[in-house]
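Chemist: mmCIF, C-alpha atoms, saved as upload-v7.cif, coming up:
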```
data_model
#
loop_
_atom_site.label_atom_id
_atom_site.label_comp_id
_atom_site.auth_asym_id
_atom_site.auth_seq_id
_atom_site.Cartn_x
_atom_site.Cartn_y
_atom_site.Cartn_z
CA MET A 1 154.31 146.86 9.85
CA ALA A 2 152.48 144.43 12.16
CA PRO A 3 148.98 145.39 13.33
CA VAL A 4 148.77 146.77 16.86
CA THR A 5 147.29 144.13 19.14
CA GLU A 6 147.39 146.10 22.39
CA LEU A 7 146.29 149.65 23.07
CA THR A 8 147.18 152.14 25.77
CA VAL A 9 144.41 153.75 27.79
CA GLY A 10 144.97 156.96 25.83
CA GLN A 11 144.61 155.15 22.53
CA VAL A 12 141.39 153.48 23.68
CA ALA A 13 140.06 156.85 24.86
CA ALA A 14 140.94 158.52 21.55
CA ARG A 15 139.50 155.71 19.41
CA SER A 16 136.31 155.23 21.45
CA GLY A 17 135.57 158.85 22.33
CA VAL A 18 135.34 157.91 26.00
CA ALA A 19 137.32 159.73 28.69
CA VAL A 20 140.23 157.95 30.34
CA SER A 21 138.45 158.34 33.69
CA ALA A 22 135.39 156.56 32.27
CA LEU A 23 137.58 153.70 31.04
CA HIS A 24 139.08 153.39 34.53
CA PHE A 25 135.55 153.42 35.96
CA TYR A 26 134.41 150.68 33.54
CA GLU A 27 137.45 148.64 34.45
CA ALA A 28 136.85 149.05 38.18
CA ARG A 29 133.28 147.78 37.62
CA GLY A 30 134.52 144.76 35.65
CA LEU A 31 133.02 145.90 32.34
CA ILE A 32 136.38 145.90 30.56
CA ARG A 33 139.78 144.42 31.37
CA SER A 34 143.38 145.38 30.91
CA HIS A 35 146.70 143.97 31.95
CA ARG A 36 149.78 145.78 33.22
CA THR A 37 153.13 146.02 31.50
CA SER A 38 156.39 145.58 33.37
CA GLY A 39 156.34 149.39 33.72
CA ASN A 40 152.87 149.15 35.36
CA GLN A 41 151.03 150.72 32.40
CA ARG A 42 147.59 149.52 31.35
CA ARG A 43 147.26 147.70 28.04
CA TYR A 44 143.98 146.71 26.45
CA GLY A 45 143.22 144.14 23.80
CA ARG A 46 141.60 145.50 20.64
CA ASP A 47 138.32 143.80 21.61
CA VAL A 48 137.87 146.51 24.25
CA LEU A 49 136.91 149.01 21.53
CA ARG A 50 133.78 147.05 20.61
CA ARG A 51 133.01 146.37 24.28
CA VAL A 52 133.16 150.10 25.02
CA ALA A 53 130.89 150.75 22.02
CA VAL A 54 128.38 148.23 23.39
CA ILE A 55 128.54 149.90 26.82
CA LYS A 56 127.92 153.36 25.36
CA VAL A 57 125.01 152.29 23.15
CA ALA A 58 123.41 150.37 26.01
CA GLN A 59 123.79 153.33 28.37
CA GLU A 60 122.24 155.66 25.81
CA VAL A 61 119.06 153.58 25.74
CA GLY A 62 118.84 153.40 29.53
CA ILE A 63 120.42 150.04 30.36
CA SER A 64 122.06 150.13 33.79
CA LEU A 65 125.77 149.40 34.20
CA ALA A 66 124.84 146.38 36.32
CA GLU A 67 122.77 144.96 33.44
CA ILE A 68 125.52 145.78 30.96
CA GLY A 69 128.10 144.07 33.16
CA ALA A 70 126.00 140.93 33.47
CA ALA A 71 125.51 140.82 29.71
CA LEU A 72 129.19 141.36 28.94
CA ALA A 73 130.12 138.67 31.46
CA SER A 74 128.24 136.20 29.26
CA LEU A 75 130.62 136.88 26.36
CA PRO A 76 133.98 135.17 25.92
CA GLU A 77 136.80 137.34 27.30
CA GLY A 78 139.37 138.57 24.83
CA ARG A 79 137.16 138.11 21.79
CA THR A 80 135.64 141.04 19.96
CA PRO A 81 131.84 140.95 20.41
CA THR A 82 130.22 139.89 17.15
CA ARG A 83 126.97 140.83 15.43
CA ASP A 84 125.46 137.63 16.87
CA ASP A 85 126.62 138.64 20.37
CA TRP A 86 124.96 142.04 19.94
CA SER A 87 121.77 140.34 18.75
CA LEU A 88 121.66 138.18 21.89
CA LEU A 89 122.38 141.12 24.20
CA SER A 90 119.89 143.49 22.60
CA THR A 91 117.16 140.84 22.50
CA ALA A 92 117.66 140.20 26.22
CA TRP A 93 117.29 143.93 26.94
CA ARG A 94 114.26 144.44 24.70
CA ASP A 95 111.56 143.40 27.25
CA GLY A 96 112.97 145.69 29.92
CA LEU A 97 113.13 148.57 27.47
CA ASP A 98 109.56 147.93 26.31
CA HIS A 99 108.43 148.06 29.96
CA LYS A 100 110.31 151.33 30.57
CA ILE A 101 108.84 152.84 27.41
CA ALA A 102 105.32 151.89 28.55
CA GLN A 103 105.96 153.46 31.97
CA LEU A 104 107.28 156.66 30.40
CA LYS A 105 104.30 156.90 28.05
CA LYS A 106 101.93 156.50 31.00
CA LEU A 107 103.81 159.18 32.92
CA ARG A 108 103.80 161.53 29.91
CA ASP A 109 100.11 161.03 29.28
CA GLY A 110 99.28 161.53 32.97
CA LEU A 111 101.13 164.83 33.18
CA THR A 112 98.40 166.58 31.22
CA ASP A 113 96.12 166.68 34.27
CA CYS A 114 98.90 167.40 36.76
CA ILE A 115 99.03 170.96 38.05
CA GLY A 116 102.34 170.36 39.81
CA CYS A 117 101.05 171.32 43.26
CA GLY A 118 102.96 168.58 45.07
CA CYS A 119 100.09 167.76 47.45
CA MET A 120 99.82 164.17 46.18
CA SER A 121 96.17 163.99 47.25
CA ILE A 122 94.43 166.13 44.65
CA ASP A 123 91.28 164.37 43.50
CA LYS A 124 92.21 164.40 39.81
CA CYS A 125 95.85 163.25 40.07
CA PRO A 126 96.20 160.20 37.79
CA LEU A 127 99.83 159.75 38.81
CA ARG A 128 99.71 159.40 42.59
CA ASN A 129 96.04 159.34 43.61
CA LYS A 130 94.01 157.72 40.86
CA GLY A 131 90.30 157.80 41.63
CA ASP A 132 90.99 159.97 44.73
CA ARG A 133 91.63 156.83 46.81
CA LEU A 134 93.55 158.86 49.40
CA ALA A 135 90.35 160.77 50.31
CA ARG A 136 89.18 157.62 52.14
CA GLU A 137 92.13 158.07 54.53
CA GLY A 138 91.21 161.60 55.55
CA THR A 139 91.79 165.20 54.53
CA GLY A 140 95.02 166.98 53.66
CA ALA A 141 98.21 165.76 52.05
CA ARG A 142 97.88 162.12 53.09
CA ARG A 143 101.30 161.07 51.84
CA LEU A 144 102.93 163.61 54.12
CA VAL A 145 101.02 162.57 57.26
CA ALA A 146 103.26 160.54 59.59
CA GLY A 147 101.55 157.23 60.32
#
```
Would you write the structure of this file as structure tokens?
Modeler:
Amino acid sequence: MAPVTELTVGQVAARSGVAVSALHFYEARGLIRSHRTSGNQRRYGRDVLRRVAVIKVAQEVGISLAEIGAALASLPEGRTPTRDDWSLLSTAWRDGLDHKIAQLKKLRDGLTDCIGCGCMSIDKCPLRNKGDRLAREGTGARRLVAG
């Protein structure tokens, strides 16, 4: 029996663990491609399975669909992404992820002093009013005062 070279949307969904609606969404955004049969049914090349896997892993670590789309656009269409392709993509995303991690650590560490009051002008708030700089602008919730 010859290996299957094209997959239906249901087969891709079953093999990838991604809902059919998500596959349609990815396709509408240009992340994956299909072609239509004479009966107007979608058919996907087998390379789509690895592309969907790349999309899911990238989403799980916080890469936006726009960034994923740009990265996938750099790969040859119709060819299964390789280990070298993944290395290039993940290396390109590393700096952005390092920056996000640093921001999240700063946010986490700053939450210790936050009392959650929402005033945004408390003198000890390291998140929104470091060094009580808003006090120089006047009293009250300075961020809520219409200028």
Chemist: Please compute the atom CA of Val9 of chain A-atom CA of Arg46 of chain A distance, one decimal, in Å.
Modeler: 11.3 Å
Chemist: Choose the residue, out of A:Asp47, A:Arg36, A:Asp95, A:Ala28, that has the smallest atom-to-atom separation from Leu75 of chain A; count only C-alpha atoms.
Modeler: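 Of A:Asp47, A:Arg36, A:Asp95, A:Ala28, the one nearest Leu75 of chain A is A:Asp47, counting only C-alpha atoms.
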Chemist: I'd like the interatomic distance between atom CA of Asp98 of chain A and atom CA of Ala66 of chain A, to a tenth of an Å.
Modeler: 18.3 Å
Chemist: Which residues, named as in the file, does the PyMOL selection byres ((chain A and resi 77-83) around 12) pick out? Answer as a PyMOL selection string.
Modeler: chain A and resi 5-6+30-35+44-55+71-76+84-90
Chemist: Of the residues A:Asn40, A:Gln11, A:Trp93, A:Ser21, which is the one nearest to Val57 of chain A, using only C-alpha atoms?
Modeler: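 Among A:Asn40, A:Gln11, A:Trp93, A:Ser21, it is A:Trp93 that comes nearest to Val57 of chain A.
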Chemist: Given the choices A:Arg43, A:Lys56, A:His99, A:Arg108, which gets closest to Leu7 of chain A if the distance is worked out from only C-alpha atoms?
Modeler: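 Checking each candidate against Leu7 of chain A, we get A:Arg43 as the closest.
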Chemist: State, in Å with one decimal place, the distance from atom CA of Gly39 of chain A to atom CA of Gly69 of chain A.
Modeler: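 So the answer is 28.7 Å.
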Chemist: Using only C-alpha atoms, which residue out of A:Ile68, A:Ile63, A:Val20, A:Ala13 lies closest to Leu97 of chain A?
Modeler: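 Of the candidates, the smallest distance to Leu97 of chain A is held by A:Ile63.
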Chemist: Let me know the centre plus edge lengths, in Å and rounded to one decimal, of a box with edges along x, y and z that contains all listed atoms of segment 35-39 of chain A and is padded by 4 Å on every side, as AutoDock Vina command-line options.
Modeler:
```
--center_x 151.5 --center_y 146.7 --center_z 32.6 --size_x 17.7 --size_y 13.4 --size_z 10.2
```
Chemist: With distances taken over only C-alpha atoms, which residue among A:Asp109, A:Glu67, A:Lys100, A:Val4 lies nearest Arg29 of chain A?
Modeler: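 Nearest to Arg29 of chain A: A:Glu67.
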